[in-house]
>>> print(open('structure17.cif').read())   # mmCIF, C-alpha atoms and all ligand atoms
data_input
#
loop_
_atom_site.label_atom_id
_atom_site.label_comp_id
_atom_site.auth_asym_id
_atom_site.auth_seq_id
_atom_site.Cartn_x
_atom_site.Cartn_y
_atom_site.Cartn_z
CA MET A 256 57.43 173.22 141.52
CA PRO A 257 55.88 169.86 142.53
CA ALA A 258 55.99 167.17 139.86
CA GLU A 259 52.79 166.18 138.08
CA VAL A 260 51.72 163.37 135.79
CA PRO A 261 53.32 163.41 132.31
CA GLU A 262 51.70 164.41 129.04
CA PRO A 263 50.49 161.46 126.93
CA PRO A 264 52.64 160.15 124.04
CA ALA A 265 53.06 162.86 121.43
CA ASP A 266 51.53 160.85 118.61
CA THR A 267 49.05 158.08 117.81
CA PRO A 268 50.55 154.57 118.26
CA PHE A 269 50.91 152.52 115.10
CA ALA A 270 51.89 148.98 114.09
CA SER A 271 55.39 148.64 112.69
CA LYS A 272 54.90 144.91 112.08
CA VAL A 273 51.93 142.55 112.12
CA THR A 274 51.99 138.77 111.87
CA LYS A 275 49.11 136.30 112.06
CA ASP A 276 49.35 136.28 115.87
CA SER A 277 51.29 139.38 116.92
CA VAL A 278 51.37 143.16 116.58
CA THR A 279 54.48 145.25 117.15
CA LEU A 280 53.24 148.60 118.37
CA VAL A 281 55.37 151.75 118.19
CA TRP A 282 54.61 155.10 119.84
CA ALA A 283 56.23 158.47 120.49
CA GLY A 284 57.58 159.62 123.86
CA THR A 285 55.92 162.28 125.95
CA THR A 286 56.08 165.98 125.07
CA TYR A 287 56.46 166.81 128.80
CA ASP A 288 57.40 164.42 131.59
CA GLY A 289 55.62 166.43 134.30
CA GLY A 290 58.85 167.24 136.09
CA ALA A 291 59.59 163.61 137.03
CA ALA A 292 61.34 161.21 134.66
CA VAL A 293 59.12 158.86 132.64
CA THR A 294 59.56 155.41 134.16
CA GLY A 295 57.62 153.38 131.59
CA TYR A 296 54.49 153.03 129.51
CA HIS A 297 51.05 151.48 129.96
CA VAL A 298 49.80 149.79 126.79
CA GLU A 299 46.11 148.92 126.42
CA MET A 300 44.12 147.23 123.69
CA ALA A 301 40.44 146.76 122.86
CA PRO A 302 38.45 145.13 120.08
CA ALA A 303 38.01 147.73 117.31
CA GLY A 304 34.76 149.68 117.68
CA THR A 305 34.58 149.13 121.48
CA THR A 306 35.91 150.80 124.61
CA SER A 307 36.59 147.53 126.43
CA TRP A 308 40.18 148.44 127.27
CA LYS A 309 42.42 145.73 128.67
CA THR A 310 45.96 146.25 129.97
CA VAL A 311 48.60 144.63 127.76
CA THR A 312 51.58 145.73 129.86
CA LYS A 313 52.54 148.39 132.37
CA ASP A 314 56.14 147.33 132.40
CA VAL A 315 57.72 148.50 129.19
CA PHE A 316 60.40 151.15 129.10
CA SER A 317 61.13 151.46 125.38
CA THR A 318 58.64 153.01 122.96
CA ASN A 319 57.72 149.76 121.25
CA TYR A 320 56.19 146.48 122.34
CA THR A 321 55.22 143.25 120.63
CA ILE A 322 51.85 141.91 121.71
CA LYS A 323 51.93 138.15 121.15
CA ASN A 324 49.43 135.27 121.13
CA LEU A 325 46.71 137.30 119.39
CA LYS A 326 43.89 135.65 117.46
CA GLU A 327 44.27 135.68 113.68
CA ASN A 328 41.90 138.11 111.91
CA ASP A 329 40.96 139.97 115.11
CA LYS A 330 40.70 143.74 114.66
CA LEU A 331 42.20 145.66 117.54
CA ILE A 332 42.80 149.22 118.66
CA PHE A 333 45.58 150.35 120.98
CA ARG A 334 46.39 153.29 123.24
CA VAL A 335 49.43 154.09 125.39
CA SER A 336 49.91 156.20 128.53
CA CYS A 337 53.19 157.52 129.98
CA LEU A 338 54.02 156.74 133.62
CA ASN A 339 56.16 158.67 136.08
CA SER A 340 56.53 158.59 139.87
CA VAL A 341 53.39 160.74 140.26
CA GLY A 342 51.11 158.58 138.14
CA SER A 343 49.82 157.99 134.64
CA SER A 344 49.23 160.46 131.80
CA LYS A 345 45.95 160.51 129.95
CA PRO A 346 45.95 157.84 127.22
CA SER A 347 47.31 158.72 123.77
CA ASP A 348 45.02 159.03 120.77
CA VAL A 349 43.63 155.64 119.81
CA SER A 350 45.44 153.81 116.97
CA GLU A 351 43.78 152.99 113.69
CA PRO A 352 42.11 149.53 113.86
CA ILE A 353 44.84 146.93 113.25
CA ALA A 354 43.91 143.57 111.71
CA VAL A 355 45.92 140.61 113.01
CA VAL A 356 46.99 139.20 109.66
CA GLU A 357 50.42 138.54 108.15
CA SER A 358 51.62 141.87 106.65
CA ALA A 359 50.67 142.04 103.01
CA GLY A 360 53.29 142.28 100.26
CA GLY A 361 52.25 145.87 99.54
CA GLU A 362 54.15 147.01 102.64
CA ASP A 363 57.37 145.63 101.24
CA GLU A 364 58.32 148.85 99.58
CA LEU A 365 58.85 150.43 103.01
CA GLU A 366 60.46 147.42 104.60
CA GLU A 367 63.68 148.40 106.26
CA PRO A 368 66.62 146.20 105.36
CA ASP A 369 68.80 145.13 108.29
CA GLU A 370 71.46 147.54 107.16
CA MET A 371 72.07 149.42 103.96
CA ALA A 372 74.85 147.85 101.88
CA PHE A 373 77.75 150.15 102.36
CA GLN A 374 79.11 151.79 99.23
CA PRO A 375 81.49 154.75 99.18
CA ARG A 376 80.10 157.53 97.01
CA GLN A 377 80.57 161.09 95.85
CA ILE A 378 78.00 163.45 97.40
CA GLU A 379 77.22 166.71 95.61
CA PHE A 380 74.54 169.25 96.49
CA LYS A 381 71.65 168.97 93.99
CA THR A 382 69.53 172.02 93.26
CA THR A 383 66.56 169.97 91.99
CA ASN A 384 63.50 169.31 94.16
CA VAL A 385 64.04 166.32 96.45
CA LYS A 386 60.60 164.97 95.45
CA GLN A 387 61.92 164.26 91.97
CA PHE A 388 64.02 161.45 93.41
CA TYR A 389 62.37 160.55 96.72
CA GLU A 390 58.83 159.92 97.93
CA ILE A 391 58.45 161.59 101.31
CA LYS A 392 56.68 159.41 103.91
CA ASP A 393 55.84 159.59 107.66
CA GLU A 394 57.54 161.92 110.10
CA LEU A 395 60.26 160.26 112.18
CA GLY A 396 61.07 163.10 114.54
CA ARG A 397 61.90 166.77 114.96
CA GLY A 398 65.23 168.36 115.70
CA LYS A 399 66.82 171.76 116.13
CA PHE A 400 66.56 172.69 112.44
CA GLY A 401 63.33 171.01 111.33
CA THR A 402 61.59 167.71 110.75
CA VAL A 403 62.90 164.33 109.70
CA ASN A 404 60.73 162.06 107.52
CA LYS A 405 61.04 158.53 106.28
CA CYS A 406 61.51 158.55 102.49
CA LEU A 407 61.77 156.14 99.63
CA GLU A 408 64.31 156.52 96.83
CA LYS A 409 62.25 156.09 93.67
CA SER A 410 65.00 154.46 91.62
CA SER A 411 66.24 151.92 94.19
CA LYS A 412 63.09 151.55 96.35
CA ARG A 413 65.34 151.89 99.37
CA VAL A 414 64.20 153.61 102.55
CA PHE A 415 66.12 156.56 104.03
CA ALA A 416 65.60 159.45 106.43
CA ALA A 417 65.09 162.91 104.88
CA LYS A 418 66.07 165.77 107.15
CA PHE A 419 64.43 169.07 106.18
CA ILE A 420 66.58 171.91 107.40
CA LYS A 421 65.66 175.56 107.64
CA ALA A 422 68.78 177.41 108.75
CA GLU A 423 67.65 181.03 109.11
CA GLN A 424 70.70 182.49 110.81
CA PRO A 425 74.11 182.54 109.08
CA ALA A 426 75.62 180.84 112.16
CA ASP A 427 73.07 178.00 111.92
CA LYS A 428 73.80 177.58 108.23
CA LYS A 429 77.50 177.38 108.94
CA GLU A 430 76.85 174.77 111.61
CA VAL A 431 74.83 172.62 109.20
CA GLU A 432 77.38 172.99 106.39
CA HIS A 433 80.18 172.05 108.79
CA GLU A 434 78.34 168.86 109.79
CA ILE A 435 77.66 167.99 106.14
CA ASP A 436 81.34 168.52 105.26
CA ILE A 437 82.44 166.27 108.10
CA MET A 438 79.87 163.57 107.20
CA LYS A 439 81.02 163.54 103.57
CA LYS A 440 84.46 162.48 104.82
CA LEU A 441 83.11 159.82 107.15
CA GLN A 442 82.03 156.98 104.88
CA HIS A 443 82.16 153.93 107.12
CA PRO A 444 79.52 151.34 108.11
CA LYS A 445 79.74 152.20 111.81
CA LEU A 446 79.15 155.92 111.25
CA LEU A 447 75.76 157.33 110.23
CA GLN A 448 75.91 157.83 106.47
CA LEU A 449 74.99 160.91 104.53
CA TYR A 450 73.53 159.75 101.23
CA ASP A 451 72.35 162.81 99.32
CA CYS A 452 71.96 166.60 99.69
CA PHE A 453 69.40 168.90 98.11
CA GLY A 454 68.64 172.57 98.22
CA ALA A 455 70.11 175.96 98.07
CA GLY A 456 70.21 178.96 100.38
CA ASN A 457 68.65 178.41 103.77
CA ASN A 458 66.50 175.42 102.86
CA MET A 459 68.23 172.12 102.61
CA VAL A 460 67.19 168.50 102.59
CA ILE A 461 69.76 165.91 103.52
CA ILE A 462 69.14 162.23 102.94
CA LEU A 463 70.56 160.03 105.67
CA GLU A 464 70.78 156.35 106.23
CA LEU A 465 67.71 155.32 108.26
CA VAL A 466 68.35 154.16 111.80
CA SER A 467 65.28 152.95 113.61
CA GLY A 468 66.56 150.85 116.52
CA GLY A 469 66.81 153.66 119.08
CA GLU A 470 69.61 154.31 121.53
CA LEU A 471 71.89 151.37 122.30
CA PHE A 472 71.44 151.71 126.07
CA GLU A 473 67.64 151.68 125.71
CA ARG A 474 67.86 148.52 123.67
CA VAL A 475 70.02 146.70 126.19
CA ILE A 476 67.76 147.55 129.14
CA ASP A 477 64.74 146.12 127.32
CA GLU A 478 63.24 143.17 129.22
CA GLU A 479 63.81 140.93 126.22
CA PHE A 480 67.55 141.64 126.03
CA ASP A 481 69.92 139.63 128.25
CA LEU A 482 73.04 141.77 128.51
CA THR A 483 76.29 139.81 128.86
CA GLU A 484 79.96 140.72 128.70
CA LYS A 485 80.05 139.08 125.27
CA ASP A 486 77.46 141.63 124.10
CA CYS A 487 79.49 144.47 125.61
CA VAL A 488 82.54 143.24 123.66
CA MET A 489 80.48 143.20 120.46
CA PHE A 490 79.23 146.77 121.02
CA MET A 491 82.60 148.17 122.11
CA THR A 492 84.29 146.57 119.08
CA GLN A 493 81.89 148.36 116.74
CA ILE A 494 82.36 151.66 118.58
CA CYS A 495 86.15 151.31 118.31
CA GLU A 496 85.89 150.47 114.60
CA GLY A 497 83.93 153.69 114.01
CA MET A 498 86.42 155.64 116.12
CA GLN A 499 89.39 154.12 114.31
CA PHE A 500 88.02 155.26 110.95
CA MET A 501 87.28 158.80 112.19
CA HIS A 502 90.67 159.08 113.84
CA ASP A 503 92.49 157.79 110.73
CA LYS A 504 90.80 160.68 108.92
CA LYS A 505 92.06 162.95 111.74
CA ILE A 506 88.52 163.84 112.77
CA ILE A 507 87.60 163.97 116.47
CA HIS A 508 83.94 163.36 117.39
CA LEU A 509 84.11 165.34 120.67
CA ASP A 510 80.66 164.27 121.88
CA MET A 511 80.93 160.54 122.39
CA LYS A 512 78.18 159.50 124.82
CA PRO A 513 75.56 156.74 124.99
CA GLU A 514 72.85 158.85 123.33
CA ASN A 515 75.00 159.10 120.22
CA ILE A 516 75.20 155.36 119.72
CA LEU A 517 72.12 154.00 118.00
CA CYS A 518 71.00 150.54 116.94
CA VAL A 519 70.35 150.15 113.23
CA ARG A 520 67.04 148.32 113.78
CA LYS A 521 64.90 147.40 116.78
CA ASN A 522 66.11 143.80 116.77
CA SER A 523 69.63 144.42 115.52
CA ASN A 524 72.89 144.52 117.47
CA LYS A 525 74.56 146.58 114.78
CA ILE A 526 75.27 150.10 115.92
CA LYS A 527 75.93 153.48 114.32
CA ILE A 528 77.70 156.45 115.81
CA ILE A 529 75.72 159.62 115.14
CA ASP A 530 75.79 163.39 115.64
CA PHE A 531 78.86 164.96 114.12
CA GLY A 532 77.74 168.46 115.10
CA LEU A 533 80.70 169.02 117.42
CA ALA A 534 83.24 167.03 115.41
CA GLN A 535 86.44 168.82 114.42
CA GLU A 536 89.37 168.14 112.16
CA PHE A 537 92.48 167.79 114.26
CA LYS A 538 94.90 170.71 114.21
CA ASP A 539 97.91 171.12 116.48
CA GLY A 540 96.86 173.07 119.55
CA LEU A 541 93.10 172.63 118.93
CA LYS A 542 91.19 173.43 122.13
CA VAL A 543 87.48 172.92 122.69
CA SER A 544 84.98 173.60 125.43
CA CYS A 545 81.98 171.51 124.51
CA GLY A 546 80.51 168.11 125.21
CA THR A 547 78.61 166.47 128.03
CA PRO A 548 80.12 166.77 131.56
CA GLU A 549 80.11 163.08 132.56
CA PHE A 550 82.04 162.09 129.43
CA LEU A 551 84.51 164.99 129.20
CA ALA A 552 88.21 164.20 129.11
CA PRO A 553 90.45 166.15 131.54
CA GLU A 554 92.01 168.19 128.70
CA VAL A 555 88.55 169.46 127.70
CA VAL A 556 87.73 170.43 131.30
CA THR A 557 90.98 172.43 131.53
CA PHE A 558 90.67 173.80 127.98
CA ASP A 559 94.01 172.31 126.96
CA PRO A 560 94.81 170.94 123.49
CA VAL A 561 92.82 167.88 122.44
CA ASN A 562 93.61 165.07 120.02
CA VAL A 563 91.91 161.91 118.77
CA ASN A 564 92.53 160.19 122.11
CA THR A 565 90.19 162.73 123.70
CA ASP A 566 87.36 160.62 122.23
CA MET A 567 88.94 157.46 123.66
CA TRP A 568 88.52 158.75 127.22
CA SER A 569 84.78 159.04 126.54
CA VAL A 570 84.79 155.54 125.04
CA GLY A 571 86.27 154.32 128.35
CA VAL A 572 83.47 156.04 130.27
CA ILE A 573 80.85 154.49 127.95
CA ALA A 574 82.32 150.99 128.51
CA TYR A 575 82.31 151.50 132.30
CA VAL A 576 78.65 152.58 132.26
CA LEU A 577 77.60 149.76 129.91
CA LEU A 578 79.13 147.14 132.21
CA SER A 579 77.88 148.59 135.48
CA GLY A 580 75.18 151.24 135.05
CA LEU A 581 77.43 153.53 137.11
CA SER A 582 78.97 156.73 135.83
CA PRO A 583 82.61 156.77 136.95
CA PHE A 584 83.06 160.51 137.51
CA MET A 585 79.52 161.57 138.29
CA GLY A 586 79.36 163.93 141.29
CA ASP A 587 76.43 165.65 142.99
CA SER A 588 77.05 168.76 140.90
CA GLU A 589 78.71 169.57 137.59
CA GLY A 590 81.59 171.11 139.58
CA GLU A 591 82.10 167.92 141.54
CA THR A 592 82.00 165.86 138.33
CA MET A 593 84.70 168.09 136.81
CA THR A 594 86.83 167.78 139.97
CA ASN A 595 86.54 163.98 139.89
CA ILE A 596 87.59 164.02 136.23
CA LEU A 597 90.60 166.23 136.90
CA LYS A 598 91.69 164.04 139.80
CA VAL A 599 90.96 160.95 137.64
CA GLU A 600 89.11 159.73 140.71
CA TRP A 601 87.23 156.51 139.98
CA ASP A 602 87.29 152.92 141.19
CA TRP A 603 86.03 149.35 140.92
CA ASP A 604 84.68 149.36 144.48
CA ASP A 605 81.02 148.65 143.73
CA GLU A 606 80.03 145.02 144.17
CA CYS A 607 78.66 144.95 140.61
CA PHE A 608 82.29 144.76 139.43
CA ASP A 609 82.92 141.51 141.31
CA ASP A 610 81.76 139.46 138.32
CA ILE A 611 83.34 141.63 135.64
CA SER A 612 86.42 140.23 133.89
CA ASP A 613 89.94 141.53 134.46
CA ALA A 614 90.28 141.97 130.68
CA SER A 615 87.37 144.44 130.59
CA LYS A 616 88.79 146.31 133.58
CA ASN A 617 92.19 146.52 131.90
CA PHE A 618 90.50 147.79 128.70
CA ILE A 619 88.87 150.62 130.64
CA GLU A 620 92.01 151.36 132.69
CA SER A 621 93.94 151.81 129.45
CA LEU A 622 91.51 154.58 128.44
CA LEU A 623 90.83 156.50 131.65
CA LYS A 624 94.33 157.94 131.85
CA LYS A 625 94.86 161.61 132.56
CA GLU A 626 97.43 162.17 129.81
CA LYS A 627 95.87 161.59 126.40
CA GLU A 628 99.22 160.32 125.08
CA ASP A 629 99.06 157.46 127.61
CA ARG A 630 95.60 156.27 126.53
CA ASN A 631 95.08 153.40 124.11
CA SER A 632 94.13 154.58 120.64
CA ALA A 633 91.12 153.08 118.82
CA SER A 634 93.48 150.78 116.87
CA GLN A 635 95.17 149.63 120.09
CA CYS A 636 91.74 148.99 121.63
CA LEU A 637 90.85 146.77 118.68
CA GLN A 638 94.00 144.77 119.45
CA HIS A 639 93.20 144.56 123.18
CA ASP A 640 92.67 141.06 124.60
CA TRP A 641 89.14 141.89 125.78
CA LEU A 642 87.98 142.59 122.22
CA ILE A 643 90.21 140.10 120.40
CA LYS A 644 89.21 137.18 122.62
CA ALA A 645 85.50 137.90 122.20
CA GLY A 646 84.78 134.16 122.26
CA ALA A 647 86.17 133.92 125.78
CA ALA A 648 83.96 136.69 127.17
CA SER A 649 81.32 135.61 129.67
CA SER A 650 77.79 134.81 128.50
CA LYS A 651 76.42 135.28 132.02
CA ALA A 652 73.70 137.94 132.24
CA ILE A 653 74.87 141.20 133.83
CA SER A 654 72.46 142.88 136.24
CA LYS A 655 70.78 145.78 134.44
CA ALA A 656 69.07 147.37 137.44
CA LYS A 657 71.60 150.18 137.73
CA LEU A 658 71.81 150.68 133.96
CA LYS A 659 68.03 151.06 133.83
CA LYS A 660 68.20 153.78 136.48
CA TYR A 661 71.09 155.38 134.64
CA VAL A 662 69.12 155.57 131.37
CA ILE A 663 66.14 157.12 133.17
CA ARG A 664 68.40 159.70 134.80
CA ARG A 665 70.03 160.61 131.44
CA LYS A 666 66.60 161.07 129.87
CA TRP A 667 65.58 163.28 132.72
CA GLN A 668 68.83 165.26 132.33
CA LYS A 669 68.14 165.63 128.60
CA GLY A 670 64.71 167.07 129.48
CA ILE A 671 66.25 169.58 131.88
CA ASN A 672 68.82 170.62 129.27
CA ALA A 673 66.04 171.13 126.72
CA VAL A 674 64.12 173.32 129.19
CA ARG A 675 67.33 175.24 130.01
CA ALA A 676 67.90 175.79 126.28
CA MET A 677 64.32 177.07 125.92
CA ILE A 678 64.80 179.47 128.84
CA ARG A 679 68.06 180.68 127.25
CA VAL A 680 66.29 181.26 123.93
CA LYS A 681 63.48 183.13 125.73
CA SER A 682 65.96 185.39 127.49
CA ILE A 683 67.64 186.18 124.16
CA VAL A 684 64.39 186.97 122.32
P1 LIG B 1 68.01 165.59 114.70
O1 LIG B 1 67.57 166.84 114.02
O2 LIG B 1 69.18 164.92 114.02
O3 LIG B 1 68.20 165.77 116.18
O4 LIG B 1 66.80 164.55 114.52
C1 LIG B 1 65.55 164.74 115.10
C2 LIG B 1 64.84 163.40 115.25
O5 LIG B 1 64.61 162.82 113.95
C3 LIG B 1 65.64 162.37 116.00
O6 LIG B 1 65.41 162.45 117.38
C4 LIG B 1 65.11 161.07 115.41
O7 LIG B 1 63.86 160.74 116.02
C5 LIG B 1 64.82 161.42 113.97
N1 LIG B 1 65.95 161.10 113.09
C6 LIG B 1 67.00 161.90 112.79
N2 LIG B 1 67.86 161.29 111.94
C7 LIG B 1 67.35 160.05 111.73
C8 LIG B 1 67.79 158.90 110.95
N3 LIG B 1 68.91 158.94 110.25
N4 LIG B 1 67.01 157.82 110.96
C9 LIG B 1 65.86 157.78 111.67
N5 LIG B 1 65.40 158.80 112.42
C10 LIG B 1 66.13 159.92 112.46
#
>>> encode(input="structure17.cif", output="structure tokens", more="lines below")
Ligand code: AMP
Amino acid sequence: MPAEVPEPPADTPFASKVTKDSVTLVWAGTTYDGGAAVTGYHVEMAPAGTTSWKTVTKDVFSTNYTIKNLKENDKLIFRVSCLNSVGSSKPSDVSEPIAVVESAGGEDELEEPDEMAFQPRQIEFKTTNVKQFYEIKDELGRGKFGTVNKCLEKSSKRVFAAKFIKAEQPADKKEVEHEIDIMKKLQHPKLLQLYDCFGAGNNMVIILELVSGGELFERVIDEEFDLTEKDCVMFMTQICEGMQFMHDKKIIHLDMKPENILCVRKNSNKIKIIDFGLAQEFKDGLKVSCGTPEFLAPEVVTFDPVNVNTDMWSVGVIAYVLLSGLSPFMGDSEGETMTNILKVEWDWDDECFDDISDASKNFIESLLKKEKEDRNSASQCLQHDWLIKAGAASSKAISKAKLKKYVIRRKWQKGINAVRAMIRVKSIV
């Protein structure tokens, strides 16, 4: 089927922050990319009450943009279109009029702190109504089991994400309960925190730490972010800290990939590892067949026993991609990718590696080893020269051209997988 223009952003754009001369606009992605990956967004503004649209930018890839040098007290409206290789979508619905004035104090109650202070806690299912303790606010997104809304804890005035889950089938319920059980054991600042649980039967509400910075890779490809090896060290250190905690608890994530590493806030370099849906407690002889092809360790491809170092292979792949924008084992088909993984066939041949340090290469080499026993553990990674000597890492900007293409391809892949899942569901019904 030939590709067409995408659908417009799924929701009306809104201002997440306003100062006396700038507006930070946030919008939702497309509901359908038209069969060709979305390559960016076109943001327009007009004086409120007019249709005198003026282009603000056509060159933004993330779903937020700060419009600067505005005139204080102006009232503006905004709309956003999605772009792909075929052309532009229709514009989104027009935003509410936004006055260019310093945000008033009244908004403070929903201000998101940089990161929630981390406190270990006991989490018990409550059978009371969630609204007794939390005010439910705007929708943040939708997932497999229902919607996720921003919410405010009445007692502390802190902002969280409330995930409303309707698990109709016993298997779905088991899946959700498994994830909750795992999350209860994973109380660490680098892992997405479960804060509270409500409900009974098939309807549950889980309160999660709010993460609003989007995927790490999307943040680093933003025009305003200069990616350096020093940054990569900072991100990989945090990832290894999260891994070390999980692995000390003998829990294997089993789906480590860039999409599961989020930034806490839009302008923060703090990350959180998310999605513990495939995580498993280690048992001798545990075998799994799940995950995402590009990041699978050889023992998963061959359905041999896994251990915590299975995650460390994927961490090696993530580091390679972050530094280069290239996927080390990616073939033209899933089969070819699997073959490359089994042969551990990868290299530093591309010219983009010319400027990459030997320490970073050694870090990755110590992870992409066929035998899991030979790979560095998370603790060993944290002792590796590349991470320990963070101060010595280069501050020279790394080219992001390939990484940008990589992120677009992954998004596209995600879309295909979603369509495949829909087709599977249709064939079951
Ligand atoms: P999920 O059901 O976990 O796939 O979540 C569906 C969508 O809700 C995600 O794509 C996010 O947009 C949003 N979301 C989920 N959890 C959070 C969170 N902790 N903080 C902010 N947004 C979230």
>>> axis_aligned_box(input="structure17.cif", around="ligand LIG 1 (chain B)", padding_each_side="6 Å", output="AutoDock Vina command-line options")
--center_x 66.5 --center_y 162.3 --center_z 113.8 --size_x 17.3 --size_y 21.1 --size_z 19.1
>>> residues_near_ligand(input="structure17.cif", ligand="ligand LIG 1 (chain B)", cutoff="10 Å", atoms="all atoms listed in the file", output="PyMOL selection string")
chain A and resi 283+394-405+414-420+447-449+461-469+517+519-520+527+529-532
>>> closest_residue(input="structure17.cif", among="A:Glu620, A:Asp609, A:Glu536, A:Asp266", to="Lys440 in chain A", atoms="all atoms listed in the file")
A:Glu536
>>> closest_residue(input="structure17.cif", among="A:Val311, A:Val556, A:Leu551, A:Val475", to="Asn522 in chain A", atoms="only C-alpha atoms")
A:Val475
>>> closest_residue(input="structure17.cif", among="A:Ala291, A:Cys406, A:Ala303, A:Val278", to="Thr321 in chain A", atoms="all atoms listed in the file")
A:Val278
>>> atom_distance(input="structure17.cif", atom1="CA of Cys452 in chain A", atom2="CA of Glu496 in chain A")
26.0 Å
>>> residues_near_point(input="structure17.cif", point="(83.7, 154.0, 132.4)", cutoff="12 Å", atoms="only C-alpha atoms", output="PyMOL selection string")
chain A and resi 491+512-513+549-552+567-585+596+599-603+608+615-624
>>> decode(input="structure17.cif", residues="range 496-514 of chain A", atoms="N, CA and C atoms", output="compact mmCIF listing (two decimals), in the first residue's frame")
# COMPACT_ATOMS: atom_id res chain seq x y z
N GLU A 496 23.74 1.43 37.40
CA GLU A 496 23.31 1.48 38.81
C GLU A 496 21.95 0.79 38.98
N GLY A 497 21.03 1.08 38.05
CA GLY A 497 19.71 0.43 38.10
C GLY A 497 19.84 -1.07 37.94
N MET A 498 20.69 -1.47 36.97
CA MET A 498 20.90 -2.91 36.72
C MET A 498 21.51 -3.58 37.95
N GLN A 499 22.49 -2.91 38.56
CA GLN A 499 23.17 -3.51 39.71
C GLN A 499 22.14 -3.80 40.82
N PHE A 500 21.24 -2.85 41.04
CA PHE A 500 20.25 -3.05 42.11
C PHE A 500 19.32 -4.23 41.76
N MET A 501 18.83 -4.25 40.51
CA MET A 501 17.95 -5.35 40.11
C MET A 501 18.66 -6.69 40.24
N HIS A 502 19.91 -6.72 39.79
CA HIS A 502 20.64 -7.99 39.77
C HIS A 502 21.00 -8.44 41.18
N ASP A 503 21.26 -7.48 42.09
CA ASP A 503 21.49 -7.84 43.50
C ASP A 503 20.25 -8.51 44.07
N LYS A 504 19.09 -8.08 43.58
CA LYS A 504 17.82 -8.68 44.05
C LYS A 504 17.50 -9.95 43.27
N LYS A 505 18.42 -10.33 42.38
CA LYS A 505 18.26 -11.52 41.54
C LYS A 505 17.05 -11.41 40.60
N ILE A 506 16.80 -10.19 40.14
CA ILE A 506 15.73 -9.99 39.17
C ILE A 506 16.37 -9.57 37.84
N ILE A 507 15.91 -10.23 36.76
CA ILE A 507 16.44 -9.92 35.42
C ILE A 507 15.37 -9.14 34.67
N HIS A 508 15.74 -8.03 34.04
CA HIS A 508 14.76 -7.18 33.36
C HIS A 508 14.24 -7.86 32.10
N LEU A 509 15.14 -8.39 31.29
CA LEU A 509 14.84 -9.15 30.07
C LEU A 509 14.23 -8.35 28.92
N ASP A 510 14.15 -7.04 29.05
CA ASP A 510 13.70 -6.24 27.90
C ASP A 510 14.42 -4.88 27.91
N MET A 511 15.72 -4.94 28.16
CA MET A 511 16.49 -3.70 28.17
C MET A 511 16.66 -3.22 26.73
N LYS A 512 16.15 -2.02 26.46
CA LYS A 512 16.25 -1.41 25.12
C LYS A 512 16.06 0.09 25.30
N PRO A 513 16.43 0.88 24.31
CA PRO A 513 16.37 2.34 24.49
C PRO A 513 14.99 2.85 24.90
N GLU A 514 13.94 2.26 24.36
CA GLU A 514 12.58 2.75 24.68
C GLU A 514 12.24 2.61 26.16
